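Data block below; observations after.
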Amino acid sequence: MDLSGRVAIVTGAGGGLGKAHAKLLAKRGAQVVVNDMSEAAEAVAAEIVAEGGQAIAARGSVSDVDAVQAMTQQALTAWGRIDILVNNAGILRDKSFAKMSIDDFRLVVDVHLMGAAICTKAVWDVMREQNYGRVVMTTSSAGLYGNFGQANYGAAKMALVGLMNTLAIEGAKNNIRVNCLAPTAATQMLEGLLPAGQLELLKPDAVSPGLLALVREDAPTKTILATGAGAFEVAYVTLTQGAQIGFGDDAPEKLVARWDEVADRSQEHVPTEAFAQARLELAKAGYKFES
């Protein structure tokens, strides 16, 4: 996978997953903007350059619109284009929902969701004009399936799936492909939660090959790729075939009585867009769509 001539921005790349992503992108030929809030951005960029790659540092928060605009301009000034955006930056404020403050909920959503939206918005027109773009959101099993103590983090991570779904549709005509990466990696976020042997297998470097698969020339779009310890899976949001219940006063009781049929997964499918649900429901109600 040769990324020579491609320009990539990786947020939160001062360490952990972001650093692993940035280094692998550079190793495969990409010119990389290393973003972080700390001086670690400069250190990672210098490390990439020392290893023969091309990189510049951009310090700033992804939730700061002005800082993100400056980062985007920095990339364009240096290399004239932006091909890849990896929305990796994030924070944790873990507590049970009963003990979590709204400020901590809002802060996590602001960094993960709004940060990704701000960064993507900053490069979107550039990618549209050049008719090429690869955007990766970093989601999580905490959002896809839930995790105790992470209501804020899980909500933000699942929201990124929704953002991906719509941007993949809107970007298709300009060859902008948008995907999600759901990593399991031994970063600071997992310290103390798993034994040393498992943490060694879950090294961040094992996740980054999945990132490359999502930003390559013939990358998929609207895909949730899960990865950790060298294993890879694809997660889906599916819809069952369900059942037509009707409108009567006894519809709630009928629904409960036929719950197993409604929830039956034997013929579930992955809708391509939002209207697929309405189309299925209207067809069950007897509406005939023109072919």
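By convention here, the chains of the structure tokens are called A, B, ... in the order presented, each chain's residues are numbered starting at 1, and ligands are numbered starting at 1 in the order presented.
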
Quiz item: Looking only at the backbone, which of the residues in region 191-258 of chain A does DSSP tag as strand (DSSP E or B), as a list of chain:residue names?
Solution: A:Ile224, A:Leu225, A:Ala226, A:Thr227, A:Gly228, A:Ala231, A:Phe232, A:Glu233, A:Val234, A:Ala235, A:Leu239

Quiz prompt | Close residues, Ala263 (chain A) itself excluded, 9 Å, only C-alpha atoms, min 2 positions apart in chain, as a PyMOL selection string | solution = chain A and resi 240-242+258-261+265

Quiz prompt | Contact residues around Ala213 (chain A) with only C-alpha atoms at 12 Å, ignoring same-chain residues under 3 positions, as a PyMOL selection string | solution = chain A and resi 1-3+21+24-25+134-136+177-181+207-210+216-221+223-227+232

Convert the current residue selection to file output with N, CA, C and O atoms, as a compact mmCIF listing (two decimals), in the first residue's frame.
```txt
# COMPACT_ATOMS: atom_id res chain seq x y z
N MET A 1 0.85 -1.19 0.00
CA MET A 1 0.00 0.00 0.00
C MET A 1 0.89 1.24 0.00
O MET A 1 1.47 1.60 1.02
N ASP A 2 1.03 1.85 -1.14
CA ASP A 2 1.92 3.00 -1.30
C ASP A 2 1.12 4.29 -1.16
O ASP A 2 0.20 4.54 -1.95
N LEU A 3 1.46 5.10 -0.17
CA LEU A 3 0.75 6.36 0.06
C LEU A 3 1.58 7.57 -0.35
O LEU A 3 1.30 8.69 0.08
N HIS A 21 -0.45 5.35 14.25
CA HIS A 21 -1.05 5.66 12.95
C HIS A 21 -0.13 6.56 12.12
O HIS A 21 0.13 6.32 10.94
N LEU A 24 3.05 4.82 10.84
CA LEU A 24 2.83 3.85 9.75
C LEU A 24 2.44 4.56 8.46
O LEU A 24 2.89 4.17 7.37
N LEU A 25 1.63 5.61 8.55
CA LEU A 25 1.30 6.38 7.36
C LEU A 25 2.56 6.96 6.72
O LEU A 25 2.73 6.91 5.49
N ARG A 134 -10.17 10.63 2.25
CA ARG A 134 -10.37 9.45 3.10
C ARG A 134 -10.43 9.95 4.55
O ARG A 134 -9.47 10.53 5.05
N VAL A 135 -11.58 9.72 5.19
CA VAL A 135 -11.79 10.19 6.56
C VAL A 135 -12.06 8.97 7.44
O VAL A 135 -12.88 8.12 7.09
N VAL A 136 -11.38 8.91 8.57
CA VAL A 136 -11.60 7.82 9.53
C VAL A 136 -12.00 8.41 10.87
O VAL A 136 -11.29 9.25 11.43
N ARG A 177 -14.36 8.87 0.96
CA ARG A 177 -14.81 7.66 1.64
C ARG A 177 -14.60 7.82 3.13
O ARG A 177 -13.52 8.24 3.58
N VAL A 178 -15.64 7.50 3.89
CA VAL A 178 -15.65 7.77 5.33
C VAL A 178 -15.92 6.46 6.07
O VAL A 178 -16.91 5.77 5.78
N ASN A 179 -15.06 6.13 7.00
CA ASN A 179 -15.17 4.87 7.74
C ASN A 179 -14.93 5.09 9.22
O ASN A 179 -14.49 6.16 9.65
N CYS A 180 -15.20 4.05 10.00
CA CYS A 180 -14.92 4.07 11.44
C CYS A 180 -13.95 2.95 11.79
O CYS A 180 -14.05 1.84 11.27
N LEU A 181 -13.05 3.25 12.70
CA LEU A 181 -12.14 2.26 13.26
C LEU A 181 -12.49 2.10 14.73
O LEU A 181 -12.59 3.08 15.47
N VAL A 207 -3.09 -2.16 15.66
CA VAL A 207 -4.34 -1.57 15.16
C VAL A 207 -4.13 -0.83 13.83
O VAL A 207 -4.99 -0.86 12.95
N SER A 208 -2.98 -0.20 13.69
CA SER A 208 -2.75 0.69 12.55
C SER A 208 -2.85 0.05 11.17
O SER A 208 -3.24 0.74 10.21
N PRO A 209 -2.53 -1.25 10.98
CA PRO A 209 -2.79 -1.85 9.67
C PRO A 209 -4.27 -1.73 9.26
O PRO A 209 -4.57 -1.57 8.06
N GLY A 210 -5.17 -1.78 10.23
CA GLY A 210 -6.58 -1.59 9.93
C GLY A 210 -6.86 -0.19 9.43
O GLY A 210 -7.70 0.01 8.54
N ARG A 216 -6.81 3.52 2.03
CA ARG A 216 -6.14 3.18 0.78
C ARG A 216 -6.93 3.70 -0.41
O ARG A 216 -8.08 4.13 -0.28
N GLU A 217 -6.32 3.62 -1.58
CA GLU A 217 -6.95 4.11 -2.82
C GLU A 217 -8.32 3.47 -3.05
O GLU A 217 -9.29 4.15 -3.39
N ASP A 218 -8.41 2.15 -2.88
CA ASP A 218 -9.68 1.45 -3.10
C ASP A 218 -10.36 1.10 -1.78
O ASP A 218 -10.92 0.02 -1.62
N ALA A 219 -10.31 2.03 -0.85
CA ALA A 219 -10.90 1.82 0.48
C ALA A 219 -12.41 1.63 0.39
O ALA A 219 -13.05 2.13 -0.55
N PRO A 220 -12.98 0.92 1.35
CA PRO A 220 -14.44 0.85 1.42
C PRO A 220 -14.99 2.18 1.91
O PRO A 220 -14.22 3.12 2.15
N THR A 221 -16.28 2.28 2.06
CA THR A 221 -16.86 3.44 2.72
C THR A 221 -18.03 2.96 3.57
O THR A 221 -18.63 1.92 3.31
N THR A 223 -17.92 1.77 6.61
CA THR A 223 -17.54 0.50 7.24
C THR A 223 -17.05 0.75 8.67
O THR A 223 -16.33 1.71 8.92
N ILE A 224 -17.47 -0.13 9.58
CA ILE A 224 -16.97 -0.09 10.95
C ILE A 224 -16.01 -1.26 11.11
O ILE A 224 -16.42 -2.41 11.19
N LEU A 225 -14.72 -0.96 11.10
CA LEU A 225 -13.70 -2.00 11.23
C LEU A 225 -13.22 -2.06 12.68
O LEU A 225 -12.70 -1.09 13.22
N ALA A 226 -13.42 -3.21 13.30
CA ALA A 226 -12.95 -3.42 14.68
C ALA A 226 -11.64 -4.20 14.63
O ALA A 226 -11.48 -5.10 13.80
N THR A 227 -10.71 -3.85 15.50
CA THR A 227 -9.42 -4.51 15.47
C THR A 227 -8.68 -4.41 16.79
O THR A 227 -8.79 -3.42 17.51
N PHE A 232 -9.18 -8.82 13.17
CA PHE A 232 -10.01 -7.81 12.53
C PHE A 232 -11.43 -8.33 12.34
O PHE A 232 -11.63 -9.48 11.97
```

Exercise. Write out as a list in words which residues come within 10 Å of region 200-203 of chain A when counting only C-alpha atoms, dropping same-chain ones fewer than 5 positions away.
Key: Gly16, Leu17, Ala20, Pro183, Thr184, Ala185, Ala186, Thr187, Leu190, Leu194, Pro195, Ser208, Thr227, Gly228, Ala229, Gly230 and Ala231 of chain A

Store the residues picked out above, limited to N, CA and C atoms, as a short mmCIF file (atom, residue, chain, number, x, y, z; two decimals), in the first residue's frame.
```
data_model
loop_
_atom_site.label_atom_id
_atom_site.label_comp_id
_atom_site.auth_asym_id
_atom_site.auth_seq_id
_atom_site.Cartn_x
_atom_site.Cartn_y
_atom_site.Cartn_z
N GLY A 16 0.40 6.76 21.87
CA GLY A 16 -0.60 5.72 21.72
C GLY A 16 -0.98 5.44 20.28
N LEU A 17 -2.28 5.29 20.04
CA LEU A 17 -2.78 4.94 18.72
C LEU A 17 -2.43 5.99 17.67
N ALA A 20 1.12 5.68 16.55
CA ALA A 20 1.28 4.48 15.72
C ALA A 20 0.72 4.71 14.33
N PRO A 183 -10.92 0.43 17.75
CA PRO A 183 -9.71 -0.26 18.20
C PRO A 183 -9.81 -0.82 19.62
N THR A 184 -9.08 -1.90 19.85
CA THR A 184 -8.79 -2.35 21.20
C THR A 184 -7.27 -2.29 21.34
N ALA A 185 -6.79 -1.36 22.14
CA ALA A 185 -5.35 -1.16 22.23
C ALA A 185 -4.93 -0.80 23.64
N ALA A 186 -3.71 -1.18 23.97
CA ALA A 186 -3.17 -0.92 25.30
C ALA A 186 -2.61 0.49 25.37
N THR A 187 -3.51 1.46 25.46
CA THR A 187 -3.11 2.85 25.62
C THR A 187 -3.31 3.23 27.09
N LEU A 190 -6.40 2.05 28.97
CA LEU A 190 -6.61 0.69 29.45
C LEU A 190 -5.65 0.29 30.58
N LEU A 194 -6.25 -4.49 32.48
CA LEU A 194 -5.94 -5.81 31.94
C LEU A 194 -4.55 -6.25 32.41
N PRO A 195 -4.32 -7.57 32.50
CA PRO A 195 -2.99 -8.06 32.89
C PRO A 195 -1.94 -7.77 31.83
N SER A 208 -2.98 -0.20 13.69
CA SER A 208 -2.75 0.69 12.55
C SER A 208 -2.85 0.05 11.17
N THR A 227 -10.71 -3.85 15.50
CA THR A 227 -9.42 -4.51 15.47
C THR A 227 -8.68 -4.41 16.79
N GLY A 228 -7.92 -5.44 17.09
CA GLY A 228 -7.06 -5.49 18.27
C GLY A 228 -6.30 -6.80 18.28
N ALA A 229 -5.08 -6.79 18.77
CA ALA A 229 -4.26 -8.00 18.91
C ALA A 229 -4.05 -8.71 17.58
N GLY A 230 -4.08 -7.96 16.48
CA GLY A 230 -3.86 -8.54 15.16
C GLY A 230 -5.09 -9.19 14.56
N ALA A 231 -6.23 -9.08 15.21
CA ALA A 231 -7.49 -9.64 14.70
C ALA A 231 -8.36 -8.50 14.16
#
```

Exercise. Skip Arg93 (chain A) itself and residues of its chain fewer than 6 positions away, then list as a count of residues only all residues within 9 Å of it, counting only C-alpha atoms.
Key: 9

Practice problem: Counting only C-alpha atoms, figure out which residue out of A:Ile82, A:Met114, A:Ile91, A:Val7 gets nearest to Arg128 (chain A). | Solution: A:Ile82

Practice problem: Using DSSP on the backbone, list every residue of region 57-249 of chain A that comes out as alpha helix (DSSP H), and give them as an MDAnalysis selection string. | Solution: chainID A and resid 65:79 102:109 115:130 141:144 151:171 196:201 208:215

Write out, as a PDB file, in the first residue's frame, the residues just selected, with C-alpha atoms.
```pdb
ATOM      1  CA  VAL A  65     -12.137  25.878  15.546  1.00  0.00           C
ATOM      2  CA  ASP A  66      -9.383  28.459  15.015  1.00  0.00           C
ATOM      3  CA  ALA A  67      -6.621  25.972  15.882  1.00  0.00           C
ATOM      4  CA  VAL A  68      -8.068  23.393  13.498  1.00  0.00           C
ATOM      5  CA  GLN A  69      -8.329  25.949  10.692  1.00  0.00           C
ATOM      6  CA  ALA A  70      -4.704  26.895  11.307  1.00  0.00           C
ATOM      7  CA  MET A  71      -3.692  23.227  11.178  1.00  0.00           C
ATOM      8  CA  THR A  72      -5.539  22.759   7.895  1.00  0.00           C
ATOM      9  CA  GLN A  73      -3.848  25.795   6.389  1.00  0.00           C
ATOM     10  CA  GLN A  74      -0.492  24.563   7.665  1.00  0.00           C
ATOM     11  CA  ALA A  75      -0.961  21.307   5.752  1.00  0.00           C
ATOM     12  CA  LEU A  76      -2.036  23.118   2.585  1.00  0.00           C
ATOM     13  CA  THR A  77       0.884  25.542   2.789  1.00  0.00           C
ATOM     14  CA  ALA A  78       3.367  22.720   3.256  1.00  0.00           C
ATOM     15  CA  TRP A  79       2.026  20.223   0.729  1.00  0.00           C
ATOM     16  CA  ILE A 102     -23.017  17.082  33.067  1.00  0.00           C
ATOM     17  CA  ASP A 103     -19.812  19.060  32.581  1.00  0.00           C
ATOM     18  CA  ASP A 104     -17.832  15.830  32.217  1.00  0.00           C
ATOM     19  CA  PHE A 105     -20.468  14.427  29.868  1.00  0.00           C
ATOM     20  CA  ARG A 106     -20.355  17.558  27.725  1.00  0.00           C
ATOM     21  CA  LEU A 107     -16.532  17.706  27.707  1.00  0.00           C
ATOM     22  CA  VAL A 108     -16.144  14.157  26.383  1.00  0.00           C
ATOM     23  CA  VAL A 109     -18.782  14.688  23.702  1.00  0.00           C
ATOM     24  CA  GLY A 115     -13.719  17.629  17.596  1.00  0.00           C
ATOM     25  CA  ALA A 116     -14.196  15.121  14.776  1.00  0.00           C
ATOM     26  CA  ALA A 117     -16.900  17.278  13.200  1.00  0.00           C
ATOM     27  CA  ILE A 118     -14.740  20.417  13.396  1.00  0.00           C
ATOM     28  CA  CYS A 119     -11.715  18.692  11.860  1.00  0.00           C
ATOM     29  CA  THR A 120     -13.767  17.030   9.129  1.00  0.00           C
ATOM     30  CA  LYS A 121     -15.553  20.274   8.280  1.00  0.00           C
ATOM     31  CA  ALA A 122     -12.180  22.010   7.985  1.00  0.00           C
ATOM     32  CA  VAL A 123     -10.937  19.586   5.303  1.00  0.00           C
ATOM     33  CA  TRP A 124     -14.246  18.743   3.632  1.00  0.00           C
ATOM     34  CA  ASP A 125     -14.223  21.426   0.939  1.00  0.00           C
ATOM     35  CA  VAL A 126     -10.566  20.703   0.177  1.00  0.00           C
ATOM     36  CA  MET A 127     -11.401  17.044  -0.394  1.00  0.00           C
ATOM     37  CA  ARG A 128     -14.473  17.899  -2.462  1.00  0.00           C
ATOM     38  CA  GLU A 129     -12.496  20.235  -4.724  1.00  0.00           C
ATOM     39  CA  GLN A 130      -9.772  17.667  -5.349  1.00  0.00           C
ATOM     40  CA  SER A 141     -17.067  -1.008  21.433  1.00  0.00           C
ATOM     41  CA  ALA A 142     -18.100   1.141  24.401  1.00  0.00           C
ATOM     42  CA  GLY A 143     -20.400   2.977  21.993  1.00  0.00           C
ATOM     43  CA  LEU A 144     -21.363   0.035  19.810  1.00  0.00           C
ATOM     44  CA  ALA A 151     -22.045   6.815  29.252  1.00  0.00           C
ATOM     45  CA  ASN A 152     -20.369  10.000  27.981  1.00  0.00           C
ATOM     46  CA  TYR A 153     -17.654   8.200  26.021  1.00  0.00           C
ATOM     47  CA  GLY A 154     -20.051   5.588  24.625  1.00  0.00           C
ATOM     48  CA  ALA A 155     -22.563   8.223  23.519  1.00  0.00           C
ATOM     49  CA  ALA A 156     -19.862  10.214  21.726  1.00  0.00           C
ATOM     50  CA  LYS A 157     -18.380   7.130  20.071  1.00  0.00           C
ATOM     51  CA  MET A 158     -21.739   5.895  18.782  1.00  0.00           C
ATOM     52  CA  ALA A 159     -22.518   9.388  17.514  1.00  0.00           C
ATOM     53  CA  LEU A 160     -19.408   9.144  15.333  1.00  0.00           C
ATOM     54  CA  VAL A 161     -20.978   6.142  13.592  1.00  0.00           C
ATOM     55  CA  GLY A 162     -23.967   8.312  12.716  1.00  0.00           C
ATOM     56  CA  LEU A 163     -21.657  11.052  11.453  1.00  0.00           C
ATOM     57  CA  MET A 164     -19.807   8.503   9.313  1.00  0.00           C
ATOM     58  CA  ASN A 165     -23.026   7.109   7.837  1.00  0.00           C
ATOM     59  CA  THR A 166     -24.204  10.469   6.547  1.00  0.00           C
ATOM     60  CA  LEU A 167     -20.817  11.779   5.415  1.00  0.00           C
ATOM     61  CA  ALA A 168     -20.184   8.560   3.480  1.00  0.00           C
ATOM     62  CA  ILE A 169     -23.380   9.245   1.519  1.00  0.00           C
ATOM     63  CA  GLU A 170     -22.696  12.944   1.014  1.00  0.00           C
ATOM     64  CA  GLY A 171     -19.059  12.417   0.065  1.00  0.00           C
ATOM     65  CA  ALA A 196       0.422  -7.388  31.362  1.00  0.00           C
ATOM     66  CA  GLY A 197       0.280 -10.350  28.964  1.00  0.00           C
ATOM     67  CA  GLN A 198      -2.937  -9.148  27.386  1.00  0.00           C
ATOM     68  CA  LEU A 199      -1.721  -5.560  27.199  1.00  0.00           C
ATOM     69  CA  GLU A 200       1.343  -6.721  25.258  1.00  0.00           C
ATOM     70  CA  LEU A 201      -0.881  -8.346  22.631  1.00  0.00           C
ATOM     71  CA  SER A 208      -2.748   0.694  12.547  1.00  0.00           C
ATOM     72  CA  PRO A 209      -2.795  -1.846   9.671  1.00  0.00           C
ATOM     73  CA  GLY A 210      -6.583  -1.593   9.933  1.00  0.00           C
ATOM     74  CA  LEU A 211      -6.317   2.157   9.530  1.00  0.00           C
ATOM     75  CA  LEU A 212      -4.322   1.744   6.321  1.00  0.00           C
ATOM     76  CA  ALA A 213      -7.022  -0.531   4.938  1.00  0.00           C
ATOM     77  CA  LEU A 214      -9.551   2.273   5.475  1.00  0.00           C
ATOM     78  CA  VAL A 215      -7.520   5.034   3.798  1.00  0.00           C
TER      79      VAL A 215
END
```

Quiz item: When distances are computed from only C-alpha atoms, which of A:Ser140, A:Ala30, A:Gly12, A:Asp36 shows the smallest separation from Ala235 (chain A)?
Solution: A:Ser140

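Interatomic distance, CA of Asn88 (chain A) against CA of Gly14 (chain A): 10.6 Å.
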
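Separating CA of Glu42 (chain A) from CA of Ala13 (chain A) is a distance of 10.0 Å.
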